[in-house]
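Here is the structure we will look at.
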Amino acid sequence: MAQLKRVVEPFGEVNIYPVGATTRVVATILMEPHKEGTQTGIALDGSGSMSQLYGVPGGGALSPVFARPQPQNLITPVAQKVCAYLARRIDADGGTTVIYWAVGQAGSQVEVVGDLTAEQAERHYFGPPRQFGNGTQLLPAVRYFVERFKDAPFGFYVFITDGEIHDLEDVKNYSRQLARDIAARRRRPVKFVLIGVGEGVNERQMEELDDLDTGTHIDLWDHKLASELTRLEQIFAEVVDENARVADRGKILDPQGKVIKDYSDTGLPAKLEFQVPSGTPFFTLEVHGNRIHQGLSDSATVPPSQIVTATAGKSPGAAAATEEPEEVLPVEPVDVDPADVREKSAKKDDDWLGFDLQFEPGREPPDMDVQKKS
């Protein structure tokens, strides 16, 4: 299986599976999930290798020959946007739980920050944890969210990291059992998304979790690289209601315009599955008079899409094929008022598109007496 990196709107994710002389294609339409009772969380890697990404200067040598430029805090702008979006648009309580993971002895501990509303997240300075870990263990953070919100109808949790996961096999084993429990309805459904930040990310490990065979229909993991995200909604690429219909009709065409699959009678689903002959360079989605061409490899030569009408009639939450991303500027961090911690957010977030990782480091993180979600 290969997950394509070059995906055009309105697709969220495109996966291809070679099957003999054919290729099976599974593509999702990018949508924002709306599940009643959803709990959300964001976990920030607190291992020692993350120190420069938090803006912590390295070394301590006295000689100026070892001097290095002051690093920027690249975690704060990413965490601000992800946390604020989840709190404002997805979380049932209007507050996203924030933790550091891979902290303390052997990187096996979790440090809880608290639950931030969207406004608090936009102002919060996500500095380093109290104690960097000397290992990177993901499982404690996964367990934290699963157990704390075990009664939530749905859980969506994002893990931000810069490098290797040292307990990958333990995470795989736990995930397989969790998937079996969810499939048997002994556990509530959850979705985990790994976001890699920086140049040292081990994407191979991320792909192993993303492609994990749990022996069930449950797909727990997805992964993204912050440098490749063009809009924040892409973290929901695999959170698709397979029963949703995004248009009343539509077709999948081959490069010659021949119909591969016709959805005129059933409506266009949010998850598309079909087969093409091996070596097919691209397919075309025909919907509302538009023809959107999607390559079947990241090196494929694909003609420009033909957008002839607005995407009128699309379902709520579906990404418009013609939307142009707005520029999003970093948010200047300010102190958080603890009295506002549980204030619900009514403000709507119109378009949080892309990651602008240029950020001026602020002062030290404020002390927060943050209440916890029950």
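The chains in the structure tokens are called A, B, ... from first to last as shown; in each chain the residues are counted from 1, and the ligands are counted from 1 in the order shown.
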- List the neighbours of A:Leu212 out to 9 Å using only C-alpha atoms; skip same-chain residues closer than 6 positions along the sequence, and give me the result as JSON, numbers by chain. {"A": [172, 175, 176, 219, 220, 221]}
Compile the contact shell of A:Lys251 as an mmCIF file with C-alpha atoms, in the first residue's frame: residues with an atom at most 8 Å away, counting only C-alpha atoms, same-chain residues fewer than 6 positions apart removed.
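Done, and the output landed in out_1.cif:
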```
data_model
loop_
_atom_site.group_PDB
_atom_site.id
_atom_site.type_symbol
_atom_site.label_atom_id
_atom_site.label_comp_id
_atom_site.auth_asym_id
_atom_site.auth_seq_id
_atom_site.Cartn_x
_atom_site.Cartn_y
_atom_site.Cartn_z
ATOM 1 C CA VAL A 259 -16.436 5.718 -16.828
ATOM 2 C CA ILE A 260 -14.819 3.547 -14.150
ATOM 3 C CA LYS A 261 -17.561 3.982 -11.569
ATOM 4 C CA ASP A 262 -20.904 5.767 -11.755
ATOM 5 C CA TYR A 263 -22.567 7.089 -8.601
ATOM 6 C CA SER A 264 -25.610 8.579 -10.334
ATOM 7 C CA LEU A 268 -21.221 10.298 -4.317
ATOM 8 C CA LEU A 285 -13.628 12.830 -10.379
ATOM 9 C CA GLU A 286 -16.532 14.349 -12.294
ATOM 10 C CA VAL A 287 -18.961 16.177 -10.017
#
```
Would you list the contacts of A:Ile42 as a PyMOL selection string, taking every protein, DNA or RNA residue within 12 Å and counting only C-alpha atoms, but skipping same-chain residues closer than 6 positions in sequence?
chain A and resi 75+78-87+91+95-101+111-116+121+126+141-142+144-145+155-161+192-195
task: May I have all residues of stretch 154-223 of chain A that DSSP, computed from the backbone, assigns to alpha helix (DSSP H), given as a PyMOL selection string?
output: chain A and resi 168-183+203-210
Residue with the minimum atom-to-atom distance to A:Leu53, picked from A:Pro128, A:Gly250, A:Gly133, A:Gly94 with only C-alpha atoms counted, is A:Pro128
In Å and to one decimal, atom CA of A:Thr136 is distant from atom CA of A:Asp167 by 7.4 Å
From the list A:Met50, A:Ala21, A:Met1, A:Ala43, the nearest residue to A:Asp210 using only C-alpha atoms is A:Met1
- Message: Ranking A:Ala237, A:Ile307, A:Val246, A:Ile218 by minimum distance to A:Val26 and counting only C-alpha atoms, which one comes first?
- Response: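 Of the candidates, the smallest distance to A:Val26 is held by A:Ala237.
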Polymer residues at most 7 Å from stretch 288-295 of chain A, only C-alpha atoms, same-chain spacing of 3 or more positions, as an mmCIF file with C-alpha atoms, in the first residue's frame:
```
data_model
loop_
_atom_site.group_PDB
_atom_site.id
_atom_site.type_symbol
_atom_site.label_atom_id
_atom_site.label_comp_id
_atom_site.auth_asym_id
_atom_site.auth_seq_id
_atom_site.Cartn_x
_atom_site.Cartn_y
_atom_site.Cartn_z
ATOM 1 C CA VAL A 7 -3.284 14.991 -3.112
ATOM 2 C CA VAL A 8 -5.535 17.622 -4.682
ATOM 3 C CA PRO A 281 -1.359 7.689 -14.397
ATOM 4 C CA PHE A 282 -4.418 9.387 -12.921
ATOM 5 C CA PHE A 283 -8.174 9.254 -12.452
ATOM 6 C CA THR A 284 -10.796 11.955 -12.740
ATOM 7 C CA LEU A 285 -13.628 12.830 -10.379
ATOM 8 C CA ASP A 298 3.543 11.344 -6.684
ATOM 9 C CA ALA A 300 2.584 11.335 -12.291
ATOM 10 C CA VAL A 302 -1.562 15.190 -14.394
ATOM 11 C CA PRO A 303 -3.499 17.743 -16.484
ATOM 12 C CA PRO A 304 -4.964 20.744 -14.661
ATOM 13 C CA SER A 305 -8.413 20.213 -13.191
ATOM 14 C CA GLN A 306 -11.362 21.724 -15.018
ATOM 15 C CA ILE A 307 -13.369 23.782 -12.553
ATOM 16 C CA VAL A 308 -16.333 25.146 -14.471
ATOM 17 C CA THR A 309 -18.829 25.801 -11.684
ATOM 18 C CA THR A 311 -19.336 23.351 -5.868
#
```
* Rank nothing, just name the residue among A:Asp45, A:Asp248, A:Asp265, A:Glu203 nearest to A:Val110, using only C-alpha atoms. =>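 Checking each of A:Asp45, A:Asp248, A:Asp265, A:Glu203 against A:Val110, counting only C-alpha atoms, the winner is A:Asp45.
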Selection: 9 Å around A:Pro33, only C-alpha atoms, excl. self and same-chain fewer than 4 positions, as number ranges by chain: A: 90, 236, 239-241, 317
Restrict the selected residues to N, CA and C atoms and save them as a compact mmCIF listing (two decimals), in the first residue's frame.
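The result, stored in result_3.txt:
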```txt
# COMPACT_ATOMS: atom_id res chain seq x y z
N ILE A 90 -14.36 20.84 17.29
CA ILE A 90 -14.56 19.40 17.41
C ILE A 90 -14.95 18.95 18.82
N PHE A 236 -7.91 15.31 9.48
CA PHE A 236 -9.12 14.48 9.53
C PHE A 236 -9.28 13.62 8.28
N VAL A 239 -10.84 10.35 8.98
CA VAL A 239 -12.05 10.33 9.82
C VAL A 239 -13.24 10.59 8.91
N VAL A 240 -13.72 9.54 8.29
CA VAL A 240 -14.75 9.66 7.25
C VAL A 240 -15.96 8.82 7.62
N ASP A 241 -17.12 9.43 7.51
CA ASP A 241 -18.36 8.68 7.65
C ASP A 241 -18.65 8.03 6.30
N GLY A 317 -19.16 20.66 5.60
CA GLY A 317 -17.90 20.10 6.04
C GLY A 317 -17.02 19.63 4.91
```
Taken to one decimal, the atom CA of A:Thr214-atom CA of A:Gly163 distance is 23.9 Å
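Distances from A:Lys271, A:His217, A:Arg180, A:His223 to A:Val201 were compared using only C-alpha atoms, and the smallest one belongs to A:His223.
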*asked:* Give me the residues near A:Asn15 as a count of residues only, where near means some atom within 8 Å (using only C-alpha atoms) and where sequence neighbours in that chain fewer than 5 positions away do not count.
replied: 7
DSSP-assigned strand (DSSP E) among stretch 7-117 of chain A, expressed as number ranges by chain:
A: 11-19, 22-29, 38-45, 96-103, 109-116
Go ahead and write the residues just picked, N, CA and C atoms, as a CSV table (one decimal), in the first residue's frame.
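Wrote result_33.csv, looks like this:
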```csv
chain,number,residue,atom,x,y,z
A,11,PHE,N,-9.9,15.9,-2.2
A,11,PHE,CA,-9.6,14.7,-1.6
A,11,PHE,C,-8.8,14.9,-0.3
A,12,GLY,N,-9.0,14.1,0.7
A,12,GLY,CA,-8.3,14.2,1.9
A,12,GLY,C,-7.1,13.2,1.9
A,13,GLU,N,-7.3,12.0,1.4
A,13,GLU,CA,-6.3,11.0,1.3
A,13,GLU,C,-6.5,10.1,0.2
A,14,VAL,N,-5.4,9.7,-0.5
A,14,VAL,CA,-5.5,8.7,-1.6
A,14,VAL,C,-4.5,7.6,-1.3
A,15,ASN,N,-5.0,6.4,-1.2
A,15,ASN,CA,-4.1,5.2,-1.0
A,15,ASN,C,-4.3,4.3,-2.2
A,16,ILE,N,-3.2,3.7,-2.6
A,16,ILE,CA,-3.2,2.8,-3.7
A,16,ILE,C,-2.7,1.4,-3.3
A,17,TYR,N,-3.3,0.3,-3.8
A,17,TYR,CA,-3.0,-1.0,-3.4
A,17,TYR,C,-2.8,-1.8,-4.7
A,18,PRO,N,-1.5,-2.2,-5.0
A,18,PRO,CA,-1.3,-3.1,-6.2
A,18,PRO,C,-1.9,-4.4,-6.0
A,19,VAL,N,-2.7,-4.9,-7.0
A,19,VAL,CA,-3.4,-6.2,-7.0
A,19,VAL,C,-3.2,-6.8,-8.3
A,22,THR,N,-3.9,-5.0,-11.7
A,22,THR,CA,-4.7,-3.8,-11.4
A,22,THR,C,-4.2,-3.1,-10.2
A,23,THR,N,-4.8,-1.9,-10.0
A,23,THR,CA,-4.5,-1.1,-8.8
A,23,THR,C,-5.8,-0.7,-8.1
A,24,ARG,N,-5.9,-1.1,-6.8
A,24,ARG,CA,-7.1,-0.7,-6.1
A,24,ARG,C,-6.9,0.7,-5.5
A,25,VAL,N,-7.8,1.6,-5.7
A,25,VAL,CA,-7.7,2.9,-5.2
A,25,VAL,C,-8.7,3.2,-4.1
A,26,VAL,N,-8.3,3.7,-3.0
A,26,VAL,CA,-9.2,4.1,-1.9
A,26,VAL,C,-8.9,5.6,-1.6
A,27,ALA,N,-9.9,6.4,-1.9
A,27,ALA,CA,-9.8,7.9,-1.7
A,27,ALA,C,-10.9,8.4,-0.9
A,28,THR,N,-10.5,9.4,0.0
A,28,THR,CA,-11.6,10.0,0.9
A,28,THR,C,-11.7,11.4,0.5
A,29,ILE,N,-13.0,11.9,0.7
A,29,ILE,CA,-13.3,13.3,0.5
A,29,ILE,C,-13.0,14.0,1.8
A,38,THR,N,-17.7,14.1,21.2
A,38,THR,CA,-16.2,13.9,21.0
A,38,THR,C,-15.3,14.6,22.0
A,39,GLN,N,-14.3,13.9,22.5
A,39,GLN,CA,-13.3,14.4,23.3
A,39,GLN,C,-12.0,14.5,22.5
A,40,THR,N,-11.2,15.6,22.7
A,40,THR,CA,-10.0,15.8,21.9
A,40,THR,C,-8.8,16.0,22.8
A,41,GLY,N,-7.6,15.7,22.3
A,41,GLY,CA,-6.4,15.9,23.1
A,41,GLY,C,-5.2,16.1,22.1
A,42,ILE,N,-4.2,16.8,22.6
A,42,ILE,CA,-3.0,17.0,21.9
A,42,ILE,C,-1.8,16.7,22.8
A,43,ALA,N,-0.9,15.9,22.4
A,43,ALA,CA,0.2,15.5,23.2
A,43,ALA,C,1.5,15.9,22.5
A,44,LEU,N,2.3,16.7,23.2
A,44,LEU,CA,3.6,17.2,22.7
A,44,LEU,C,4.8,16.4,23.2
A,45,ASP,N,5.6,16.0,22.2
A,45,ASP,CA,6.8,15.2,22.6
A,45,ASP,C,7.7,16.1,23.5
A,96,THR,N,-9.7,21.4,24.7
A,96,THR,CA,-8.8,20.3,24.3
A,96,THR,C,-7.8,20.1,25.4
A,97,THR,N,-7.6,18.8,25.8
A,97,THR,CA,-6.7,18.4,26.8
A,97,THR,C,-5.3,18.4,26.2
A,98,VAL,N,-4.3,19.1,26.9
A,98,VAL,CA,-3.0,19.2,26.5
A,98,VAL,C,-2.0,18.5,27.5
A,99,ILE,N,-1.2,17.6,26.9
A,99,ILE,CA,-0.2,16.9,27.8
A,99,ILE,C,1.2,17.0,27.0
A,100,TYR,N,2.2,16.8,27.8
A,100,TYR,CA,3.6,16.5,27.3
A,100,TYR,C,3.7,15.0,27.5
A,101,TRP,N,4.4,14.3,26.5
A,101,TRP,CA,4.7,12.9,26.6
A,101,TRP,C,6.2,12.7,26.4
A,102,ALA,N,6.7,11.5,26.8
A,102,ALA,CA,8.1,11.2,26.7
A,102,ALA,C,8.9,12.1,27.6
A,103,VAL,N,8.4,12.4,28.8
A,103,VAL,CA,9.1,13.2,29.8
A,103,VAL,C,9.6,12.3,30.9
A,109,GLN,N,7.0,9.1,31.1
A,109,GLN,CA,6.0,9.7,31.9
A,109,GLN,C,5.2,10.7,31.1
A,110,VAL,N,4.1,11.2,31.7
A,110,VAL,CA,3.2,12.2,31.0
A,110,VAL,C,3.1,13.4,32.0
A,111,GLU,N,3.2,14.6,31.4
A,111,GLU,CA,3.0,15.8,32.2
A,111,GLU,C,1.7,16.5,31.7
A,112,VAL,N,0.7,16.6,32.5
A,112,VAL,CA,-0.6,17.2,32.1
A,112,VAL,C,-0.5,18.7,32.2
A,113,VAL,N,-0.9,19.4,31.2
A,113,VAL,CA,-1.0,20.8,31.2
A,113,VAL,C,-2.4,21.3,31.6
A,114,GLY,N,-3.4,20.7,31.0
A,114,GLY,CA,-4.8,21.0,31.3
A,114,GLY,C,-5.6,21.1,30.1
A,115,ASP,N,-6.8,21.6,30.2
A,115,ASP,CA,-7.8,21.7,29.1
A,115,ASP,C,-7.9,23.2,28.7
A,116,LEU,N,-7.5,23.5,27.5
A,116,LEU,CA,-7.5,24.8,27.0
A,116,LEU,C,-8.7,25.1,26.0
```
Atom CA of A:Leu168 to atom CA of A:Asp151 measures 26.1 Å
If you count only C-alpha atoms, the residue of A:Lys35, A:Gly107, A:His166, A:Thr266 closest to A:Pro153 turns out to be A:Lys35
